[in-house]
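All remarks here apply to the structure that follows.
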Amino acid sequence: MKVLISGGAGYIGSTVASACLDAGITPVILDNLVTGRSEFAKGRAFYEGDIADGALVDRVFAEHPDIEAVVHCAALIVVPDSVADPVGYYRANVAKSLDFVSHLLRNGCQKMIFSSSASIYETGADFTVDEASGLAPQSPYARTKAVCEAMFADISATQPIRILSLRYFNPIGADPKMRTGLQLRRPSHALGKMIEAWDEGKPFQITGTTWPTRDGSGIRDYIHVWDLATAHVAALERFDTFTEDVINLGTGTGTTVRELATAFNEVADRPIEVVETGPRPGDVAGAYTRTDLARRLLGWQARHSVAEGIAHSLQWARLREEILG
């Protein structure tokens, strides 16, 4: 099998590509390198350019007519940035995705997996959600994902393409073989900020401590990026066997930011100091998923612990400069 991965030189897309290679699936990478890294596409068929570039997408399919499916990972993902620049986020994540699907239809592509987000959910009283839970995206970033899902549902209802949305929870870690990891030296999510604090010897700030969780800090479902990647392989291999159009990808366990910091200090060679501050624009209390559907449809469940995700993230942080410069 051969698959086209948009955003395949980014953190998640490149890890999905590695998991595909390990499973005997050939990835073709399309990435404009706005946040992706060309190093992550080394040794793989790679096209530098935009998903909205119809001529480029046509060339990819002309040169790889055996592409059977697309994994659409290309997106901007930083919540505070989306609050500051909603126009840019809607253009990159929604308008260009619409262009991309029109190019796929023109080239006869009938299968697409869309990288969606658990940030679109309305959090339940117990902070758990499943695929039938209500939606209430709280940031422009989250709304771009919800809009794309609705747009894709309308398109696939009448057009010759099937689109499966995989709703990611909170990826951490790196490829265990250290082929790829977070390309950004200073990522904005909680674990990235902990690693920054560890690296620079400064305090880590818990952003928001009055959420209605068990300890006041936000709660998340931290899933190892390699588990996330192997779920895509399972979805590609079983694509024709199920009718549902949405599947959650998480561990089924909620971890608060305070608990993540405690786990970090148990793994790291030196502890970080923790201080409290207010929430960032667009922050929410968070949620974690019930995992029944992924187990039943994909035959998949997360294998790596939060501690393993932290350890692999720290290992990558030590190697990142050597690999990426």
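Chains: A, B, ... in order of the structure tokens. Residues: from 1 per chain. Ligands: from 1, in order shown.
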
- Contacts of region 79-89 of chain A at 10 Å or less, counting only C-alpha atoms, minus same-chain residues fewer than 6 places along, as a list in words? Ala95, Ser119, Gln138, Ser139, Pro140, Tyr141, Ala142, Arg143, Thr144, Ser188, His189, Arg280, Pro281, Gly282 and Asp283 of chain A

So that I have them on file, write out the residues from the current selection with N, CA, C and O atoms, as a PDB file, in the first residue's frame.
```pdb
ATOM      1  N   ALA A  95      -9.889  26.620   4.667  1.00  0.00           N
ATOM      2  CA  ALA A  95      -9.936  26.931   3.235  1.00  0.00           C
ATOM      3  C   ALA A  95      -8.995  26.031   2.431  1.00  0.00           C
ATOM      4  O   ALA A  95      -9.371  25.491   1.376  1.00  0.00           O
ATOM      5  N   SER A 119     -10.097  18.665  21.176  1.00  0.00           N
ATOM      6  CA  SER A 119     -10.414  19.997  21.691  1.00  0.00           C
ATOM      7  C   SER A 119     -11.794  20.475  21.251  1.00  0.00           C
ATOM      8  O   SER A 119     -12.280  21.484  21.754  1.00  0.00           O
ATOM      9  N   GLN A 138     -13.719  25.672  21.944  1.00  0.00           N
ATOM     10  CA  GLN A 138     -13.560  26.904  22.704  1.00  0.00           C
ATOM     11  C   GLN A 138     -12.473  27.828  22.167  1.00  0.00           C
ATOM     12  O   GLN A 138     -12.175  28.841  22.794  1.00  0.00           O
ATOM     13  N   SER A 139     -11.871  27.490  21.040  1.00  0.00           N
ATOM     14  CA  SER A 139     -10.837  28.343  20.455  1.00  0.00           C
ATOM     15  C   SER A 139     -10.987  28.325  18.945  1.00  0.00           C
ATOM     16  O   SER A 139     -11.576  27.397  18.379  1.00  0.00           O
ATOM     17  N   PRO A 140     -10.457  29.337  18.258  1.00  0.00           N
ATOM     18  CA  PRO A 140     -10.484  29.288  16.799  1.00  0.00           C
ATOM     19  C   PRO A 140      -9.830  28.026  16.249  1.00  0.00           C
ATOM     20  O   PRO A 140     -10.333  27.427  15.280  1.00  0.00           O
ATOM     21  N   TYR A 141      -8.708  27.583  16.840  1.00  0.00           N
ATOM     22  CA  TYR A 141      -8.086  26.336  16.389  1.00  0.00           C
ATOM     23  C   TYR A 141      -9.080  25.177  16.457  1.00  0.00           C
ATOM     24  O   TYR A 141      -9.266  24.433  15.488  1.00  0.00           O
ATOM     25  N   ALA A 142      -9.712  24.999  17.624  1.00  0.00           N
ATOM     26  CA  ALA A 142     -10.652  23.893  17.783  1.00  0.00           C
ATOM     27  C   ALA A 142     -11.813  24.016  16.805  1.00  0.00           C
ATOM     28  O   ALA A 142     -12.260  23.016  16.225  1.00  0.00           O
ATOM     29  N   ARG A 143     -12.303  25.249  16.604  1.00  0.00           N
ATOM     30  CA  ARG A 143     -13.421  25.418  15.670  1.00  0.00           C
ATOM     31  C   ARG A 143     -13.019  25.093  14.235  1.00  0.00           C
ATOM     32  O   ARG A 143     -13.829  24.597  13.457  1.00  0.00           O
ATOM     33  N   THR A 144     -11.749  25.340  13.876  1.00  0.00           N
ATOM     34  CA  THR A 144     -11.338  24.956  12.514  1.00  0.00           C
ATOM     35  C   THR A 144     -11.440  23.447  12.333  1.00  0.00           C
ATOM     36  O   THR A 144     -11.815  22.969  11.256  1.00  0.00           O
ATOM     37  N   SER A 188       4.641  24.718  22.698  1.00  0.00           N
ATOM     38  CA  SER A 188       3.806  25.486  23.621  1.00  0.00           C
ATOM     39  C   SER A 188       2.987  24.623  24.563  1.00  0.00           C
ATOM     40  O   SER A 188       2.361  25.150  25.482  1.00  0.00           O
ATOM     41  N   HIS A 189       2.956  23.312  24.372  1.00  0.00           N
ATOM     42  CA  HIS A 189       2.122  22.488  25.240  1.00  0.00           C
ATOM     43  C   HIS A 189       2.832  22.214  26.572  1.00  0.00           C
ATOM     44  O   HIS A 189       4.011  22.545  26.761  1.00  0.00           O
ATOM     45  N   ARG A 280      -4.103  30.442  29.834  1.00  0.00           N
ATOM     46  CA  ARG A 280      -3.795  31.106  28.567  1.00  0.00           C
ATOM     47  C   ARG A 280      -5.075  31.341  27.779  1.00  0.00           C
ATOM     48  O   ARG A 280      -6.076  30.665  28.006  1.00  0.00           O
ATOM     49  N   PRO A 281      -5.077  32.274  26.829  1.00  0.00           N
ATOM     50  CA  PRO A 281      -6.257  32.458  25.978  1.00  0.00           C
ATOM     51  C   PRO A 281      -6.612  31.161  25.263  1.00  0.00           C
ATOM     52  O   PRO A 281      -5.757  30.505  24.677  1.00  0.00           O
ATOM     53  N   GLY A 282      -7.881  30.770  25.335  1.00  0.00           N
ATOM     54  CA  GLY A 282      -8.353  29.582  24.646  1.00  0.00           C
ATOM     55  C   GLY A 282      -8.219  28.302  25.441  1.00  0.00           C
ATOM     56  O   GLY A 282      -8.675  27.245  24.999  1.00  0.00           O
ATOM     57  N   ASP A 283      -7.587  28.346  26.634  1.00  0.00           N
ATOM     58  CA  ASP A 283      -7.437  27.140  27.449  1.00  0.00           C
ATOM     59  C   ASP A 283      -8.795  26.642  27.936  1.00  0.00           C
ATOM     60  O   ASP A 283      -9.733  27.427  28.148  1.00  0.00           O
TER      61      ASP A 283
END
```

- Message: Give me, as a ChimeraX atom specification, all polymer residues having an atom no more than 8 Å from Gly36 (chain A), counting only C-alpha atoms and skipping those fewer than 4 positions away in the same chain.
- Response: /A:7-11,31-32,40,183

- Query: Out of region 251-281 of chain A, which residues get helix (DSSP H, G or I) from DSSP, as a PyMOL selection string?
  - Reply: chain A and resi 257-267

- Query: For Glu237 (chain A), which residue out of A:Ala261, A:Ile272, A:Ala62, A:Ala69 is the nearest one, using only C-alpha atoms?
  - Reply: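 For Glu237 (chain A), the nearest of the candidates is A:Ala69.
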
Residues near region 164-173 of chain A, cut-off 9 Å, only C-alpha atoms, skip fewer than 2 positions along chain, as a PDB file with C-alpha atoms, in the first residue's frame:
```pdb
ATOM      1  CA  ILE A  12       2.798  13.669  14.024  1.00  0.00           C
ATOM      2  CA  LYS A 111     -10.010   7.353   1.121  1.00  0.00           C
ATOM      3  CA  MET A 112      -8.820  10.011   3.542  1.00  0.00           C
ATOM      4  CA  ILE A 113      -7.950  10.002   7.236  1.00  0.00           C
ATOM      5  CA  PHE A 114      -8.251  13.448   8.820  1.00  0.00           C
ATOM      6  CA  SER A 115      -6.224  14.543  11.845  1.00  0.00           C
ATOM      7  CA  SER A 116      -8.919  16.034  14.042  1.00  0.00           C
ATOM      8  CA  SER A 117      -8.779  17.060  17.679  1.00  0.00           C
ATOM      9  CA  ALA A 118     -10.412  16.253  21.001  1.00  0.00           C
ATOM     10  CA  SER A 119     -10.414  19.997  21.691  1.00  0.00           C
ATOM     11  CA  ILE A 120     -13.765  20.169  19.890  1.00  0.00           C
ATOM     12  CA  GLU A 131     -17.495   9.877  19.996  1.00  0.00           C
ATOM     13  CA  GLU A 149     -15.227  17.624  10.143  1.00  0.00           C
ATOM     14  CA  PHE A 152     -15.890  16.606   5.132  1.00  0.00           C
ATOM     15  CA  ARG A 162     -14.758   8.397   2.370  1.00  0.00           C
ATOM     16  CA  ASP A 175       9.536   7.954  17.762  1.00  0.00           C
ATOM     17  CA  PRO A 176      11.137   5.349  20.085  1.00  0.00           C
ATOM     18  CA  GLY A 181      10.211  14.100  17.450  1.00  0.00           C
ATOM     19  CA  LEU A 182       8.966  17.583  18.189  1.00  0.00           C
ATOM     20  CA  HIS A 189       2.122  22.488  25.240  1.00  0.00           C
ATOM     21  CA  LEU A 191       5.284  18.841  28.461  1.00  0.00           C
ATOM     22  CA  GLY A 192       7.201  21.068  26.056  1.00  0.00           C
ATOM     23  CA  ARG A 220      -5.625  15.813  29.569  1.00  0.00           C
ATOM     24  CA  ASP A 221      -5.322  12.407  27.970  1.00  0.00           C
ATOM     25  CA  TYR A 222      -1.605  12.219  27.178  1.00  0.00           C
ATOM     26  CA  ILE A 223      -1.054   9.664  24.416  1.00  0.00           C
ATOM     27  CA  HIS A 224       2.369   8.611  23.187  1.00  0.00           C
ATOM     28  CA  VAL A 225       2.866   9.793  19.608  1.00  0.00           C
ATOM     29  CA  TRP A 226       3.985   6.299  18.566  1.00  0.00           C
ATOM     30  CA  LEU A 228      -1.066   7.578  17.831  1.00  0.00           C
ATOM     31  CA  HIS A 232      -3.253   5.324  11.792  1.00  0.00           C
ATOM     32  CA  ALA A 235      -7.101   2.591  10.398  1.00  0.00           C
ATOM     33  CA  PHE A 239     -10.486   1.305   6.454  1.00  0.00           C
ATOM     34  CA  GLU A 244     -18.242   5.006  11.580  1.00  0.00           C
ATOM     35  CA  ASP A 245     -16.661   8.283  10.514  1.00  0.00           C
ATOM     36  CA  VAL A 246     -15.149   9.404  13.847  1.00  0.00           C
ATOM     37  CA  ILE A 247     -12.826   7.558  16.240  1.00  0.00           C
ATOM     38  CA  ASN A 248     -11.152   8.945  19.375  1.00  0.00           C
ATOM     39  CA  LEU A 249      -7.463   8.216  19.935  1.00  0.00           C
ATOM     40  CA  GLY A 250      -6.389   8.397  23.557  1.00  0.00           C
ATOM     41  CA  THR A 251      -5.344   6.254  26.496  1.00  0.00           C
ATOM     42  CA  ALA A 287     -11.038  15.852  28.963  1.00  0.00           C
ATOM     43  CA  TYR A 288     -10.018  12.261  28.404  1.00  0.00           C
ATOM     44  CA  THR A 289     -11.628   9.640  26.244  1.00  0.00           C
ATOM     45  CA  VAL A 306       2.965   8.719  30.387  1.00  0.00           C
ATOM     46  CA  GLU A 308       7.597   6.499  28.699  1.00  0.00           C
ATOM     47  CA  GLY A 309       6.296   9.505  26.795  1.00  0.00           C
ATOM     48  CA  ILE A 310       8.199  11.849  29.098  1.00  0.00           C
ATOM     49  CA  ALA A 311      11.370   9.739  28.862  1.00  0.00           C
ATOM     50  CA  HIS A 312      11.242   9.658  25.058  1.00  0.00           C
ATOM     51  CA  SER A 313      10.566  13.408  24.951  1.00  0.00           C
ATOM     52  CA  LEU A 314      13.629  14.065  27.114  1.00  0.00           C
ATOM     53  CA  GLN A 315      15.731  11.699  25.013  1.00  0.00           C
ATOM     54  CA  TRP A 316      14.642  13.548  21.864  1.00  0.00           C
TER      55      TRP A 316
END
```

- Message: Just want the 10 Å neighbourhood of Thr230 (chain A), counted on only C-alpha atoms, with same-chain residues fewer than 2 positions away dropped. Output as a list of chain:residue names.
- Response: A:Thr15, A:Val16, A:Ala17, A:Ser18, A:Ala19, A:Cys20, A:Asp22, A:Ala23, A:Val225, A:Trp226, A:Asp227, A:Leu228, A:His232, A:Val233, A:Ala234, A:Ala235, A:Leu236, A:Trp300, A:Gln301, A:Ala302

- Item | From A:Thr180, A:Gln159, A:Asn107, A:Thr26, residue lying nearest Glu39 (chain A) [only C-alpha atoms] | A:Thr180

- Task: Work out how far CA of Lys193 (chain A) is from CA of Arg318 (chain A), in Å to one decimal.
- Result: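 Straight-line distance from CA of Arg318 (chain A) to CA of Lys193 (chain A) works out to 15.0 Å.
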
- Message: Between CA of Thr256 (chain A) and CA of Val284 (chain A), what distance in Å does the model show, to one decimal?
- Response: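 According to the coordinates, CA of Thr256 (chain A) and CA of Val284 (chain A) are separated by 12.3 Å.
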
Can you build me a table of region 104-198 of chain A residues sitting at most 12 Å from region 54-58 of chain A, with the closest atom pair per residue and its distance in Å to one decimal, using only C-alpha atoms, sorted by chain and residue number, as CSV?
```
residue,atom,partner,partner_atom,distance
A:Leu104,CA,A:Val57,CA,7.8
A:Leu105,CA,A:Asp58,CA,10.6
A:Arg106,CA,A:Asp58,CA,8.4
A:Asn107,CA,A:Asp58,CA,6.8
A:Gly108,CA,A:Asp58,CA,10.5
A:Cys109,CA,A:Asp58,CA,11.2
```

Would you save the residues of that selection, restricted to all heavy atoms, as an mmCIF file, in the first residue's frame?
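Saved the output as part.cif:
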```cif
data_model
loop_
_atom_site.group_PDB
_atom_site.id
_atom_site.type_symbol
_atom_site.label_atom_id
_atom_site.label_comp_id
_atom_site.auth_asym_id
_atom_site.auth_seq_id
_atom_site.Cartn_x
_atom_site.Cartn_y
_atom_site.Cartn_z
ATOM 1 N N LEU A 104 -8.005 16.042 -4.373
ATOM 2 C CA LEU A 104 -8.057 14.589 -4.205
ATOM 3 C C LEU A 104 -9.183 13.985 -5.032
ATOM 4 O O LEU A 104 -9.009 12.938 -5.677
ATOM 5 C CB LEU A 104 -8.241 14.227 -2.729
ATOM 6 C CG LEU A 104 -7.150 14.689 -1.759
ATOM 7 C CD1 LEU A 104 -7.451 14.177 -0.348
ATOM 8 C CD2 LEU A 104 -5.770 14.233 -2.211
ATOM 9 N N LEU A 105 -10.334 14.636 -5.018
ATOM 10 C CA LEU A 105 -11.461 14.141 -5.809
ATOM 11 C C LEU A 105 -11.120 14.121 -7.294
ATOM 12 O O LEU A 105 -11.428 13.154 -8.009
ATOM 13 C CB LEU A 105 -12.695 15.017 -5.565
ATOM 14 C CG LEU A 105 -13.411 14.820 -4.221
ATOM 15 C CD1 LEU A 105 -14.386 15.960 -3.973
ATOM 16 C CD2 LEU A 105 -14.138 13.478 -4.199
ATOM 17 N N ARG A 106 -10.462 15.170 -7.754
ATOM 18 C CA ARG A 106 -10.094 15.238 -9.168
ATOM 19 C C ARG A 106 -9.142 14.114 -9.564
ATOM 20 O O ARG A 106 -9.151 13.638 -10.710
ATOM 21 C CB ARG A 106 -9.450 16.599 -9.451
ATOM 22 C CG ARG A 106 -9.116 16.830 -10.922
ATOM 23 C CD ARG A 106 -8.621 18.240 -11.188
ATOM 24 N NE ARG A 106 -7.397 18.566 -10.481
ATOM 25 C CZ ARG A 106 -7.317 19.390 -9.428
ATOM 26 N NH1 ARG A 106 -8.402 19.951 -8.939
ATOM 27 N NH2 ARG A 106 -6.154 19.649 -8.854
ATOM 28 N N ASN A 107 -8.342 13.675 -8.603
ATOM 29 C CA ASN A 107 -7.370 12.622 -8.878
ATOM 30 C C ASN A 107 -7.863 11.228 -8.509
ATOM 31 O O ASN A 107 -7.088 10.267 -8.524
ATOM 32 C CB ASN A 107 -6.059 12.929 -8.150
ATOM 33 C CG ASN A 107 -5.252 14.007 -8.864
ATOM 34 O OD1 ASN A 107 -4.594 13.744 -9.859
ATOM 35 N ND2 ASN A 107 -5.329 15.243 -8.357
ATOM 36 N N GLY A 108 -9.137 11.123 -8.192
ATOM 37 C CA GLY A 108 -9.740 9.820 -7.971
ATOM 38 C C GLY A 108 -9.435 9.189 -6.624
ATOM 39 O O GLY A 108 -9.652 7.981 -6.443
ATOM 40 N N CYS A 109 -8.931 9.966 -5.653
ATOM 41 C CA CYS A 109 -8.651 9.425 -4.319
ATOM 42 C C CYS A 109 -9.974 9.197 -3.584
ATOM 43 O O CYS A 109 -10.811 10.098 -3.504
ATOM 44 C CB CYS A 109 -7.777 10.391 -3.528
ATOM 45 S SG CYS A 109 -7.423 9.828 -1.846
#
```

- Determine which residues of region 80-248 of chain A receive a DSSP assignment of strand (DSSP E), computed from the backbone, and state them as number ranges by chain. A: 111-117, 128-129, 162-168, 170-172, 204-207, 219-220, 222-224, 246-248

Writing out the chosen residues with N, CA and C atoms as a PDB file, in the first residue's frame:
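The result, written out as selection.pdb:
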```pdb
ATOM      1  N   LYS A 111     -10.163   7.600  -0.318  1.00  0.00           N
ATOM      2  CA  LYS A 111     -10.010   7.353   1.121  1.00  0.00           C
ATOM      3  C   LYS A 111      -9.131   8.430   1.737  1.00  0.00           C
ATOM      4  N   MET A 112      -9.626   9.029   2.838  1.00  0.00           N
ATOM      5  CA  MET A 112      -8.820  10.011   3.542  1.00  0.00           C
ATOM      6  C   MET A 112      -9.020   9.863   5.039  1.00  0.00           C
ATOM      7  N   ILE A 113      -7.927   9.934   5.776  1.00  0.00           N
ATOM      8  CA  ILE A 113      -7.950  10.002   7.236  1.00  0.00           C
ATOM      9  C   ILE A 113      -7.584  11.426   7.626  1.00  0.00           C
ATOM     10  N   PHE A 114      -8.440  12.054   8.427  1.00  0.00           N
ATOM     11  CA  PHE A 114      -8.251  13.448   8.820  1.00  0.00           C
ATOM     12  C   PHE A 114      -7.795  13.538  10.264  1.00  0.00           C
ATOM     13  N   SER A 115      -6.727  14.295  10.492  1.00  0.00           N
ATOM     14  CA  SER A 115      -6.224  14.543  11.845  1.00  0.00           C
ATOM     15  C   SER A 115      -7.098  15.587  12.519  1.00  0.00           C
ATOM     16  N   SER A 116      -8.048  15.121  13.311  1.00  0.00           N
ATOM     17  CA  SER A 116      -8.919  16.034  14.042  1.00  0.00           C
ATOM     18  C   SER A 116      -8.437  16.145  15.485  1.00  0.00           C
ATOM     19  N   SER A 117      -9.249  16.722  16.340  1.00  0.00           N
ATOM     20  CA  SER A 117      -8.779  17.060  17.679  1.00  0.00           C
ATOM     21  C   SER A 117      -9.870  16.870  18.721  1.00  0.00           C
ATOM     22  N   THR A 128     -14.860  12.841  31.073  1.00  0.00           N
ATOM     23  CA  THR A 128     -14.697  11.821  30.041  1.00  0.00           C
ATOM     24  C   THR A 128     -15.625  12.126  28.871  1.00  0.00           C
ATOM     25  N   VAL A 129     -15.188  11.737  27.690  1.00  0.00           N
ATOM     26  CA  VAL A 129     -15.988  11.917  26.487  1.00  0.00           C
ATOM     27  C   VAL A 129     -15.859  10.658  25.632  1.00  0.00           C
ATOM     28  N   ARG A 162     -14.415   8.700   0.987  1.00  0.00           N
ATOM     29  CA  ARG A 162     -14.758   8.397   2.370  1.00  0.00           C
ATOM     30  C   ARG A 162     -13.725   9.062   3.260  1.00  0.00           C
ATOM     31  N   ILE A 163     -14.187   9.779   4.279  1.00  0.00           N
ATOM     32  CA  ILE A 163     -13.281  10.525   5.148  1.00  0.00           C
ATOM     33  C   ILE A 163     -13.509  10.103   6.587  1.00  0.00           C
ATOM     34  N   LEU A 164     -12.469   9.591   7.212  1.00  0.00           N
ATOM     35  CA  LEU A 164     -12.492   9.184   8.609  1.00  0.00           C
ATOM     36  C   LEU A 164     -11.751  10.221   9.438  1.00  0.00           C
ATOM     37  N   SER A 165     -12.415  10.753  10.454  1.00  0.00           N
ATOM     38  CA  SER A 165     -11.777  11.716  11.345  1.00  0.00           C
ATOM     39  C   SER A 165     -11.284  11.004  12.595  1.00  0.00           C
ATOM     40  N   LEU A 166      -9.990  11.098  12.849  1.00  0.00           N
ATOM     41  CA  LEU A 166      -9.404  10.583  14.081  1.00  0.00           C
ATOM     42  C   LEU A 166      -9.184  11.758  15.026  1.00  0.00           C
ATOM     43  N   ARG A 167      -9.891  11.752  16.124  1.00  0.00           N
ATOM     44  CA  ARG A 167      -9.799  12.855  17.085  1.00  0.00           C
ATOM     45  C   ARG A 167      -8.685  12.560  18.081  1.00  0.00           C
ATOM     46  N   TYR A 168      -7.578  13.305  17.928  1.00  0.00           N
ATOM     47  CA  TYR A 168      -6.413  13.121  18.786  1.00  0.00           C
ATOM     48  C   TYR A 168      -6.657  13.756  20.147  1.00  0.00           C
ATOM     49  N   ASN A 170      -3.860  14.212  23.497  1.00  0.00           N
ATOM     50  CA  ASN A 170      -2.684  15.072  23.670  1.00  0.00           C
ATOM     51  C   ASN A 170      -1.398  14.291  23.444  1.00  0.00           C
ATOM     52  N   PRO A 171      -0.812  14.394  22.244  1.00  0.00           N
ATOM     53  CA  PRO A 171       0.387  13.611  21.934  1.00  0.00           C
ATOM     54  C   PRO A 171       1.611  14.074  22.717  1.00  0.00           C
ATOM     55  N   ILE A 172       2.373  13.095  23.202  1.00  0.00           N
ATOM     56  CA  ILE A 172       3.661  13.362  23.845  1.00  0.00           C
ATOM     57  C   ILE A 172       4.662  12.324  23.334  1.00  0.00           C
ATOM     58  N   PHE A 204       8.514  25.938  35.976  1.00  0.00           N
ATOM     59  CA  PHE A 204       7.431  25.600  35.062  1.00  0.00           C
ATOM     60  C   PHE A 204       6.142  26.208  35.593  1.00  0.00           C
ATOM     61  N   GLN A 205       5.413  26.864  34.708  1.00  0.00           N
ATOM     62  CA  GLN A 205       4.166  27.520  35.106  1.00  0.00           C
ATOM     63  C   GLN A 205       2.964  26.634  34.789  1.00  0.00           C
ATOM     64  N   ILE A 206       2.190  26.316  35.814  1.00  0.00           N
ATOM     65  CA  ILE A 206       0.885  25.680  35.594  1.00  0.00           C
ATOM     66  C   ILE A 206      -0.089  26.782  35.229  1.00  0.00           C
ATOM     67  N   THR A 207      -0.588  26.771  34.008  1.00  0.00           N
ATOM     68  CA  THR A 207      -1.462  27.841  33.524  1.00  0.00           C
ATOM     69  C   THR A 207      -2.922  27.485  33.825  1.00  0.00           C
ATOM     70  N   ILE A 219      -6.905  18.914  32.933  1.00  0.00           N
ATOM     71  CA  ILE A 219      -6.755  17.463  32.794  1.00  0.00           C
ATOM     72  C   ILE A 219      -6.704  17.114  31.318  1.00  0.00           C
ATOM     73  N   ARG A 220      -5.822  16.192  30.969  1.00  0.00           N
ATOM     74  CA  ARG A 220      -5.625  15.813  29.569  1.00  0.00           C
ATOM     75  C   ARG A 220      -5.453  14.298  29.479  1.00  0.00           C
ATOM     76  N   TYR A 222      -2.910  12.146  27.833  1.00  0.00           N
ATOM     77  CA  TYR A 222      -1.605  12.219  27.178  1.00  0.00           C
ATOM     78  C   TYR A 222      -1.286  10.879  26.515  1.00  0.00           C
ATOM     79  N   ILE A 223      -1.282  10.876  25.187  1.00  0.00           N
ATOM     80  CA  ILE A 223      -1.054   9.664  24.416  1.00  0.00           C
ATOM     81  C   ILE A 223       0.307   9.738  23.731  1.00  0.00           C
ATOM     82  N   HIS A 224       1.053   8.660  23.824  1.00  0.00           N
ATOM     83  CA  HIS A 224       2.369   8.611  23.187  1.00  0.00           C
ATOM     84  C   HIS A 224       2.195   8.727  21.673  1.00  0.00           C
ATOM     85  N   VAL A 246     -15.917   8.723  12.808  1.00  0.00           N
ATOM     86  CA  VAL A 246     -15.149   9.404  13.847  1.00  0.00           C
ATOM     87  C   VAL A 246     -14.663   8.366  14.849  1.00  0.00           C
ATOM     88  N   ILE A 247     -13.384   8.420  15.208  1.00  0.00           N
ATOM     89  CA  ILE A 247     -12.826   7.558  16.240  1.00  0.00           C
ATOM     90  C   ILE A 247     -11.895   8.395  17.114  1.00  0.00           C
ATOM     91  N   ASN A 248     -12.051   8.280  18.434  1.00  0.00           N
ATOM     92  CA  ASN A 248     -11.152   8.945  19.375  1.00  0.00           C
ATOM     93  C   ASN A 248      -9.866   8.148  19.548  1.00  0.00           C
TER      94      ASN A 248
END
```

- 9 Å contact set for Glu196 (chain A), only C-alpha atoms, chain neighbours under 5 positions out, as number ranges by chain: A: 185-187, 191, 201-202, 204

- Message: Please compute the CA of Gly24 (chain A)-CA of Arg44 (chain A) distance, one decimal, in Å.
- Response: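 Atom-to-atom, CA of Gly24 (chain A) and CA of Arg44 (chain A) are spaced 13.2 Å apart.
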
- Task: Would you mind listing what lies within 9 Å of Asp199 (chain A) as a PyMOL selection string, with only C-alpha atoms counted and same-chain residues fewer than 4 positions away left out?
- Result: chain A and resi 194-195+317
